[in-house]
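Chemist: What follows is the file data-v5.csv, containing CSV, C-alpha atoms (C1' of nucleotides):
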chain,number,residue,atom,x,y,z
A,73,MET,CA,4.6,33.5,-16.1
A,74,LYS,CA,1.3,34.3,-14.4
A,75,GLY,CA,0.3,32.2,-11.4
A,76,LEU,CA,2.4,29.9,-9.3
A,77,THR,CA,4.5,27.0,-10.5
A,78,ILE,CA,4.0,23.5,-9.2
A,79,GLY,CA,7.2,23.9,-7.1
A,80,GLN,CA,5.9,27.1,-5.5
A,81,ILE,CA,2.6,25.7,-4.4
A,82,ALA,CA,4.3,22.5,-3.3
A,83,LYS,CA,6.6,24.4,-1.1
A,84,GLN,CA,3.7,26.5,0.4
A,85,ALA,CA,1.8,23.3,1.2
A,86,ASN,CA,4.9,21.4,2.3
A,87,VAL,CA,4.5,18.6,-0.2
A,88,THR,CA,6.5,17.5,-3.3
A,89,PRO,CA,5.5,18.4,-6.9
A,90,ASP,CA,5.1,14.7,-7.4
A,91,THR,CA,2.3,14.6,-4.8
A,92,ILE,CA,0.5,17.5,-6.5
A,93,ARG,CA,0.6,15.8,-9.9
A,94,LEU,CA,-0.7,12.6,-8.2
A,95,TYR,CA,-3.6,14.5,-6.7
A,96,GLU,CA,-4.3,16.0,-10.1
A,97,ARG,CA,-4.4,12.5,-11.6
A,98,TYR,CA,-6.7,11.4,-8.8
A,99,GLY,CA,-9.0,14.3,-9.5
A,100,LEU,CA,-8.4,16.0,-6.2
A,101,LEU,CA,-7.1,19.1,-7.9
A,102,ASP,CA,-8.4,20.8,-11.0
A,103,THR,CA,-6.2,20.5,-14.0
A,104,PRO,CA,-4.5,23.9,-14.0
A,105,SER,CA,-3.9,26.1,-17.0
A,106,ARG,CA,-0.6,25.8,-18.7
A,107,SER,CA,2.0,28.3,-19.8
A,108,MET,CA,3.0,28.3,-23.5
A,109,SER,CA,5.9,26.0,-22.6
A,110,GLY,CA,3.5,23.6,-20.8
A,111,TYR,CA,4.2,24.5,-17.2
A,112,ARG,CA,1.3,24.3,-14.8
A,113,GLN,CA,0.0,27.7,-13.6
A,114,TYR,CA,-1.8,27.7,-10.3
A,115,PRO,CA,-3.9,30.5,-8.7
A,116,GLU,CA,-3.2,31.4,-5.1
A,117,ALA,CA,-6.4,29.6,-4.1
A,118,SER,CA,-4.9,26.2,-5.0
A,119,VAL,CA,-2.7,26.4,-1.9
A,120,ILE,CA,-5.9,26.6,0.2
A,121,HIS,CA,-7.5,23.8,-1.7
A,122,LEU,CA,-4.4,21.7,-1.2
A,123,ARG,CA,-4.3,22.3,2.5
A,124,PHE,CA,-7.9,21.2,2.8
A,125,ILE,CA,-6.9,17.9,1.2
A,126,LEU,CA,-3.9,17.5,3.5
A,127,ARG,CA,-5.9,18.2,6.6
A,128,ALA,CA,-8.6,15.7,5.6
A,129,LYS,CA,-5.8,13.2,4.9
A,130,ALA,CA,-4.2,13.9,8.3
A,131,ILE,CA,-7.3,12.8,10.1
A,132,GLY,CA,-7.5,9.5,8.3
A,133,PHE,CA,-9.5,10.0,5.1
A,134,THR,CA,-8.3,8.2,2.0
A,135,LEU,CA,-7.7,10.2,-1.1
A,136,LYS,CA,-10.7,8.5,-2.6
A,137,GLU,CA,-12.9,9.7,0.2
A,138,ILE,CA,-11.4,13.2,-0.1
A,139,GLY,CA,-12.3,13.1,-3.7
A,140,GLU,CA,-15.9,12.3,-2.9
A,141,ILE,CA,-16.0,15.2,-0.4
A,142,LEU,CA,-14.5,17.6,-2.9
A,143,ALA,CA,-16.9,16.3,-5.6
A,144,LEU,CA,-19.7,17.7,-3.4
A,145,ARG,CA,-18.4,21.1,-4.3
A,146,LYS,CA,-18.6,20.6,-8.0
A,147,THR,CA,-22.1,19.2,-8.2
A,148,SER,CA,-24.7,21.5,-9.7
A,149,ILE,CA,-27.6,23.2,-7.9
A,150,HIS,CA,-30.1,20.7,-9.3
A,151,THR,CA,-28.6,17.8,-7.3
A,152,CYS,CA,-28.3,19.7,-4.1
A,153,ASP,CA,-30.3,17.1,-2.3
A,154,ASP,CA,-28.0,14.3,-3.4
A,155,VAL,CA,-25.1,16.4,-2.4
A,156,ARG,CA,-26.5,17.0,1.1
A,157,LYS,CA,-27.2,13.2,1.4
A,158,LYS,CA,-23.6,12.5,0.5
A,159,ALA,CA,-22.4,15.0,3.0
A,160,GLU,CA,-24.6,13.4,5.7
A,161,ILE,CA,-23.2,10.0,5.0
A,162,LYS,CA,-19.7,11.4,5.3
A,163,HIS,CA,-20.7,13.1,8.5
A,164,GLN,CA,-22.0,9.8,9.9
A,165,GLN,CA,-18.7,8.2,9.0
A,166,ILE,CA,-16.8,10.9,10.7
A,167,LEU,CA,-18.9,10.4,13.9
A,168,GLY,CA,-18.1,6.7,13.7
A,169,LYS,CA,-14.5,7.3,13.3
A,170,LEU,CA,-14.5,9.7,16.2
A,171,ASP,CA,-16.1,7.0,18.4
A,172,GLU,CA,-13.5,4.4,17.4
A,173,LEU,CA,-10.7,6.8,18.0
A,174,ARG,CA,-12.1,7.8,21.4
A,175,LYS,CA,-12.2,4.2,22.5
A,176,LEU,CA,-8.7,3.7,21.3
A,177,GLU,CA,-7.6,6.7,23.2
A,178,VAL,CA,-9.1,5.5,26.4
A,179,ALA,CA,-7.6,2.0,26.0
A,180,LEU,CA,-4.1,3.4,25.4
A,181,ARG,CA,-4.3,6.0,28.2
A,182,THR,CA,-5.4,3.3,30.6
A,183,LEU,CA,-2.5,1.2,29.6
A,184,ILE,CA,0.0,4.0,30.1
A,185,ASP,CA,-1.5,5.0,33.5
A,186,THR,CA,-1.1,1.4,34.6
A,187,CYS,CA,2.4,1.5,33.4
A,188,GLU,CA,3.3,4.6,35.3
A,189,THR,CA,2.2,3.3,38.7
A,190,HIS,CA,3.7,-0.1,38.3
A,191,ASP,CA,6.3,-1.7,40.6
A,192,PRO,CA,9.6,-1.9,38.8
A,193,ASN,CA,10.0,-5.4,40.0
A,194,ASP,CA,6.9,-6.5,38.1
A,195,LEU,CA,6.7,-7.3,34.4
A,196,CYS,CA,5.8,-4.5,32.0
A,197,PRO,CA,2.1,-3.9,32.7
A,198,ILE,CA,1.4,-2.8,29.1
A,199,ILE,CA,2.3,-6.3,27.9
A,200,THR,CA,0.4,-8.0,30.7
A,201,ALA,CA,-2.6,-5.8,30.1
A,202,LEU,CA,-2.6,-6.7,26.4
A,203,GLU,CA,-2.4,-10.3,27.4
A,204,GLN,CA,-5.1,-10.0,29.9
A,205,ALA,CA,-7.4,-8.1,27.6
A,206,ASP,CA,-7.3,-11.3,25.5
A,207,LYS,CA,-8.7,-13.3,28.4
A,208,THR,CA,-11.2,-10.8,29.9
A,209,GLN,CA,-12.5,-9.3,26.7
A,210,GLY,CA,-13.0,-12.6,25.1
A,211,SER,CA,-13.3,-13.5,21.4
A,212,LYS,CA,-14.1,-11.1,18.6
B,172,MET,CA,-1.9,-34.8,15.5
B,173,LYS,CA,-1.0,-33.1,18.7
B,174,GLY,CA,-1.5,-29.4,19.0
B,175,LEU,CA,-3.8,-27.2,16.9
B,176,THR,CA,-3.7,-26.8,13.1
B,177,ILE,CA,-3.3,-23.4,11.5
B,178,GLY,CA,-6.9,-23.4,10.6
B,179,GLN,CA,-8.0,-24.1,14.2
B,180,ILE,CA,-6.0,-21.2,15.7
B,181,ALA,CA,-7.0,-19.0,12.8
B,182,LYS,CA,-10.7,-19.6,13.5
B,183,GLN,CA,-10.2,-19.0,17.2
B,184,ALA,CA,-8.5,-15.7,16.5
B,185,ASN,CA,-10.8,-14.8,13.7
B,186,VAL,CA,-8.2,-14.4,11.0
B,187,THR,CA,-7.2,-16.5,8.0
B,188,PRO,CA,-4.4,-19.1,7.9
B,189,ASP,CA,-2.7,-16.9,5.3
B,190,THR,CA,-2.5,-14.1,7.9
B,191,ILE,CA,-0.9,-16.4,10.4
B,192,ARG,CA,1.7,-17.5,7.9
B,193,LEU,CA,2.4,-13.9,7.1
B,194,TYR,CA,2.9,-13.1,10.8
B,195,GLU,CA,5.2,-16.0,11.1
B,196,ARG,CA,7.3,-14.7,8.1
B,197,TYR,CA,7.3,-11.3,9.8
B,198,GLY,CA,8.7,-12.8,13.0
B,199,LEU,CA,5.6,-12.1,15.1
B,200,LEU,CA,4.9,-15.7,15.7
B,201,ASP,CA,7.4,-18.3,16.6
B,202,THR,CA,7.9,-21.0,13.9
B,203,PRO,CA,5.8,-23.8,15.2
B,204,SER,CA,6.7,-27.5,15.3
B,205,ARG,CA,5.6,-29.7,12.5
B,206,SER,CA,3.8,-32.9,12.2
B,207,MET,CA,5.4,-35.7,10.2
B,208,SER,CA,3.5,-34.6,7.2
B,209,GLY,CA,4.7,-31.1,7.6
B,210,TYR,CA,1.6,-29.5,9.1
B,211,ARG,CA,2.2,-26.7,11.6
B,212,GLN,CA,1.3,-27.7,15.2
B,213,TYR,CA,0.4,-24.9,17.6
B,214,PRO,CA,0.1,-25.0,21.4
B,215,GLU,CA,-3.0,-23.4,22.9
B,216,ALA,CA,-0.8,-20.5,24.0
B,217,SER,CA,-0.5,-19.5,20.4
B,218,VAL,CA,-4.0,-18.2,20.3
B,219,ILE,CA,-3.3,-15.9,23.2
B,220,HIS,CA,-0.1,-14.8,21.5
B,221,LEU,CA,-2.0,-14.1,18.3
B,222,ARG,CA,-4.7,-12.2,20.1
B,223,PHE,CA,-2.0,-10.1,21.7
B,224,ILE,CA,-0.9,-9.1,18.2
B,225,LEU,CA,-4.4,-8.4,17.0
B,226,ARG,CA,-5.2,-6.2,20.1
B,227,ALA,CA,-2.0,-4.3,19.6
B,228,LYS,CA,-2.9,-3.8,16.0
B,229,ALA,CA,-6.4,-2.6,17.0
B,230,ILE,CA,-4.8,0.0,19.3
B,231,GLY,CA,-2.9,1.4,16.3
B,232,PHE,CA,0.5,-0.3,16.3
B,233,THR,CA,1.9,-1.4,12.9
B,234,LEU,CA,3.1,-5.0,12.5
B,235,LYS,CA,6.7,-3.7,12.6
B,236,GLU,CA,6.0,-1.9,15.9
B,237,ILE,CA,4.4,-5.0,17.3
B,238,GLY,CA,7.5,-7.0,16.3
B,239,GLU,CA,9.6,-4.5,18.3
B,240,ILE,CA,7.4,-4.8,21.3
B,241,LEU,CA,7.5,-8.6,21.2
B,242,ALA,CA,11.2,-8.4,20.9
B,243,LEU,CA,11.4,-6.2,23.9
B,244,ARG,CA,9.3,-8.6,25.9
B,245,LYS,CA,11.7,-11.4,25.1
B,246,THR,CA,14.8,-9.5,26.3
B,247,SER,CA,14.1,-8.3,29.8
B,248,ILE,CA,12.0,-6.5,32.4
B,249,HIS,CA,14.3,-3.5,32.2
B,250,THR,CA,12.9,-2.4,28.8
B,251,CYS,CA,9.5,-1.6,30.1
B,252,ASP,CA,10.4,2.1,29.7
B,253,ASP,CA,10.8,1.5,26.0
B,254,VAL,CA,7.4,-0.1,25.7
B,255,ARG,CA,5.8,2.8,27.6
B,256,LYS,CA,7.5,5.4,25.4
B,257,LYS,CA,6.2,3.7,22.3
B,258,ALA,CA,2.7,3.6,23.8
B,259,GLU,CA,3.0,7.3,24.7
B,260,ILE,CA,4.0,8.3,21.2
B,261,LYS,CA,1.0,6.4,19.8
B,262,HIS,CA,-1.2,8.1,22.4
B,263,GLN,CA,-0.1,11.5,21.3
B,264,GLN,CA,-0.8,10.6,17.7
B,265,ILE,CA,-4.3,9.5,18.5
B,266,LEU,CA,-5.0,12.7,20.5
B,267,GLY,CA,-3.8,14.7,17.5
B,268,LYS,CA,-6.1,12.7,15.2
B,269,LEU,CA,-9.0,13.2,17.5
B,270,ASP,CA,-8.5,16.9,17.4
B,271,GLU,CA,-8.4,17.1,13.7
B,272,LEU,CA,-11.3,14.8,13.3
B,273,ARG,CA,-13.4,17.0,15.6
B,274,LYS,CA,-12.6,20.0,13.5
B,275,LEU,CA,-13.6,18.2,10.4
B,276,GLU,CA,-16.8,17.1,12.0
B,277,VAL,CA,-17.7,20.7,12.8
B,278,ALA,CA,-16.9,21.8,9.3
B,279,LEU,CA,-19.0,19.1,7.7
B,280,ARG,CA,-21.9,19.6,10.1
B,281,THR,CA,-21.8,23.3,9.3
B,282,LEU,CA,-21.9,22.5,5.6
B,283,ILE,CA,-25.0,20.3,6.1
B,284,ASP,CA,-26.7,22.8,8.2
B,285,THR,CA,-26.2,25.5,5.7
B,286,CYS,CA,-27.4,23.3,2.9
B,287,GLU,CA,-30.5,22.4,4.8
B,288,THR,CA,-31.6,26.0,5.3
B,289,HIS,CA,-30.5,27.3,2.0
B,290,ASP,CA,-32.8,29.4,-0.3
B,291,PRO,CA,-33.4,27.4,-3.5
B,292,ASN,CA,-32.8,30.6,-5.5
B,293,ASP,CA,-29.3,30.8,-4.2
B,294,LEU,CA,-26.3,28.8,-5.4
B,295,CYS,CA,-25.7,25.6,-3.6
B,296,PRO,CA,-24.0,26.7,-0.4
B,297,ILE,CA,-21.6,23.8,-0.3
B,298,ILE,CA,-18.9,25.7,-2.3
B,299,THR,CA,-18.8,28.6,0.1
B,300,ALA,CA,-19.0,26.3,3.2
B,301,LEU,CA,-16.1,24.3,2.1
B,302,GLU,CA,-14.1,27.4,1.3
B,303,GLN,CA,-14.8,28.9,4.6
B,304,ALA,CA,-13.8,25.7,6.4
B,305,ASP,CA,-10.5,26.1,4.7
B,306,LYS,CA,-10.0,29.7,5.9
B,307,THR,CA,-11.3,29.4,9.4
B,308,GLN,CA,-9.3,26.3,10.2
B,309,GLY,CA,-6.1,27.9,9.1
B,310,SER,CA,-2.8,26.6,8.0
B,311,LYS,CA,-0.9,23.5,9.0
C,185,DC,C1',25.4,31.4,-23.7
C,186,DT,C1',26.1,28.2,-20.6
C,187,DT,C1',25.0,26.4,-16.0
C,188,DG,C1',21.8,24.9,-12.8
C,189,DA,C1',17.4,24.8,-11.1
C,190,DC,C1',13.3,24.1,-12.5
C,191,DC,C1',9.5,21.9,-15.4
C,192,DT,C1',7.4,17.9,-18.5
C,193,DT,C1',5.9,12.8,-19.3
C,194,DA,C1',5.4,7.8,-18.6
C,195,DG,C1',6.5,4.3,-16.1
C,196,DA,C1',8.8,1.7,-12.4
C,197,DG,C1',9.7,1.0,-7.5
C,198,DT,C1',8.5,1.2,-2.3
C,199,DG,C1',6.2,-0.2,2.0
C,200,DT,C1',2.1,-2.0,4.5
C,201,DA,C1',-0.9,-5.7,5.2
C,202,DG,C1',-2.8,-8.7,3.5
C,203,DT,C1',-5.3,-12.0,-0.2
C,204,DC,C1',-5.4,-15.2,-3.9
C,205,DC,C1',-3.6,-18.8,-6.9
C,206,DA,C1',-1.7,-23.1,-8.7
C,207,DT,C1',-0.1,-27.3,-7.6
C,208,DG,C1',0.2,-30.9,-4.9
C,209,DG,C1',0.1,-33.8,-0.4
C,210,DT,C1',-3.0,-35.2,3.9
C,211,DT,C1',-6.9,-36.2,6.8
C,212,DT,C1',-11.5,-37.2,7.7
C,213,DA,C1',-16.1,-38.6,7.0
C,214,DT,C1',-19.4,-41.4,4.5
D,200,DA,C1',-12.2,-45.9,-1.3
D,201,DT,C1',-13.2,-41.7,-2.7
D,202,DA,C1',-14.8,-36.9,-2.1
D,203,DA,C1',-14.5,-33.0,0.7
D,204,DA,C1',-12.0,-30.3,3.5
D,205,DC,C1',-7.8,-29.3,5.0
D,206,DC,C1',-2.6,-28.3,4.7
D,207,DA,C1',1.9,-27.1,2.3
D,208,DT,C1',4.8,-23.9,-0.9
D,209,DG,C1',6.2,-20.0,-3.7
D,210,DG,C1',4.8,-16.4,-6.2
D,211,DA,C1',1.5,-13.1,-8.0
D,212,DC,C1',-1.7,-9.7,-7.0
D,213,DT,C1',-4.4,-5.9,-4.6
D,214,DA,C1',-5.0,-1.1,-2.7
D,215,DC,C1',-3.1,3.0,-0.9
D,216,DA,C1',-0.1,6.8,-1.3
D,217,DC,C1',3.5,8.1,-2.6
D,218,DT,C1',8.5,8.4,-4.5
D,219,DC,C1',11.9,8.0,-7.8
D,220,DT,C1',13.9,7.6,-12.5
D,221,DA,C1',14.8,8.5,-17.3
D,222,DA,C1',14.9,11.5,-20.9
D,223,DG,C1',14.1,15.6,-22.3
D,224,DG,C1',12.4,20.9,-22.5
D,225,DT,C1',12.6,25.8,-20.2
D,226,DC,C1',14.0,29.7,-17.6
D,227,DA,C1',16.9,33.2,-14.9
D,228,DA,C1',21.6,34.5,-13.4
D,229,DG,C1',26.2,35.6,-14.3
Take the structure in this file and express it as structure tokens.
Modeler:
Amino acid sequence: MKGLTIGQIAKQANVTPDTIRLYERYGLLDTPSRSMSGYRQYPEASVIHLRFILRAKAIGFTLKEIGEILALRKTSIHTCDDVRKKAEIKHQQILGKLDELRKLEVALRTLIDTCETHDPNDLCPIITALEQADKTQGSK
Amino acid sequence: MKGLTIGQIAKQANVTPDTIRLYERYGLLDTPSRSMSGYRQYPEASVIHLRFILRAKAIGFTLKEIGEILALRKTSIHTCDDVRKKAEIKHQQILGKLDELRKLEVALRTLIDTCETHDPNDLCPIITALEQADKTQGSK
DNA sequence: CTTGACCTTAGAGTGTAGTCCATGGTTTAT
DNA sequence: ATAAACCATGGACTACACTCTAAGGTCAAG
């Protein structure tokens, strides 16, 4: 048996074999070669590829989006312009997400700060802050 | 008809009546009183309550977590600590996501830069750029 | 040469957060 | 008085990302 089994790369990437088969079906991983008995045989590089997927997922990309990012890799030289444009769109989306997340972070930090300095006799300021945000920040 | 209809509070909170019924089933909204014909009748305060839910959701809480927070609010002042701890856990998660997102932004920007300056005689540099992103950003 | 850990497939089930539908009753405006 | 717009219910459906099951084949150790 040359190459790694599905269980071996699964363990190295800290996922289940099921997840890897799923990613394969979703086109995130190339269909690997098979042993004579039908076992999947992965090269070492698959673990790196898999970790790339997991990192992208961890920051909030859907599997579909990750598929699009990975598809950039497969596109031929002749469409390099299209590839770059796709990458740029992704980049803009990432910048947008960063912006949203930063706002979220500030909002939540402010809430916690308020909470830490609050008089124990008062009501929980996180709840009152959320309620007041309704009033001060108006409709959406 | 005293009180607001489901459609009226839905419009004020910018959600659908379906969503409100769902929140009711999930225990996030008190079951409202009914008119003689069976229509839900909401007090004005329900809009505030609903916006509380939506804001908490926007900050990154799941409906389940919001349910827990609302339950805490009903019990007593002494559970403020629990609310703060939940908020702190969320905050840490957001910081982690921000970090990962920044890394991905750099990786993708690098990819685009490389692509823009690449020699048309070379292979599309996207392959190498993505692979290098894998290696430089290490394991998880 | 059997046992147990692994592999294969297709397909069903889970949880989240809605969204849509059919069917029927109610309210409101013209 | 009738049409449009609303409300009610239960249940089906969606998308996402797994996760598990059944039923079987394979491989290494003792």
Chemist: Hey, can I get the axis-aligned box for stretch 215-227 of chain D? All listed atoms, 4 Å padding on each side, centre and edge lengths in Å to one decimal, as lines of an AutoDock Vina configuration file.
Modeler:
center_x = 6.9
center_y = 18.1
center_z = -11.7
size_x = 28.0
size_y = 38.2
size_z = 29.6
Chemist: Would you list which chain B residues are within 9 Å of chain D using only C-alpha atoms (C1' of nucleotides), as a VMD selection string?
Modeler: chain B and resid 176 to 178 209 to 211
Chemist: Least-squares fit chain A onto chain B by Cα, in order, and just send back the RMSD.
Modeler: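 Across the paired C-alpha atoms, the RMSD reaches 3.3 Å.
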Chemist: Within 12 Å of chain B, which residues of chain C are there when counting all atoms listed in the file? Please give them as a PyMOL selection string.
Modeler: chain C and resi 199-204+209-211
Chemist: Using only C-alpha atoms, pick whichever of B:Thr285, B:Lys256, B:Ile230, B:Gly198 has the shortest atom-to-atom distance to chain A.
Modeler: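 Smallest distance to chain A is found for B:Ile230.
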Chemist: What does the structure give for the distance between atom CA of B:Asp253 and atom CA of A:Leu183, in Å to one decimal?
Modeler: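 Between atom CA of B:Asp253 and atom CA of A:Leu183 the gap is 13.8 Å.
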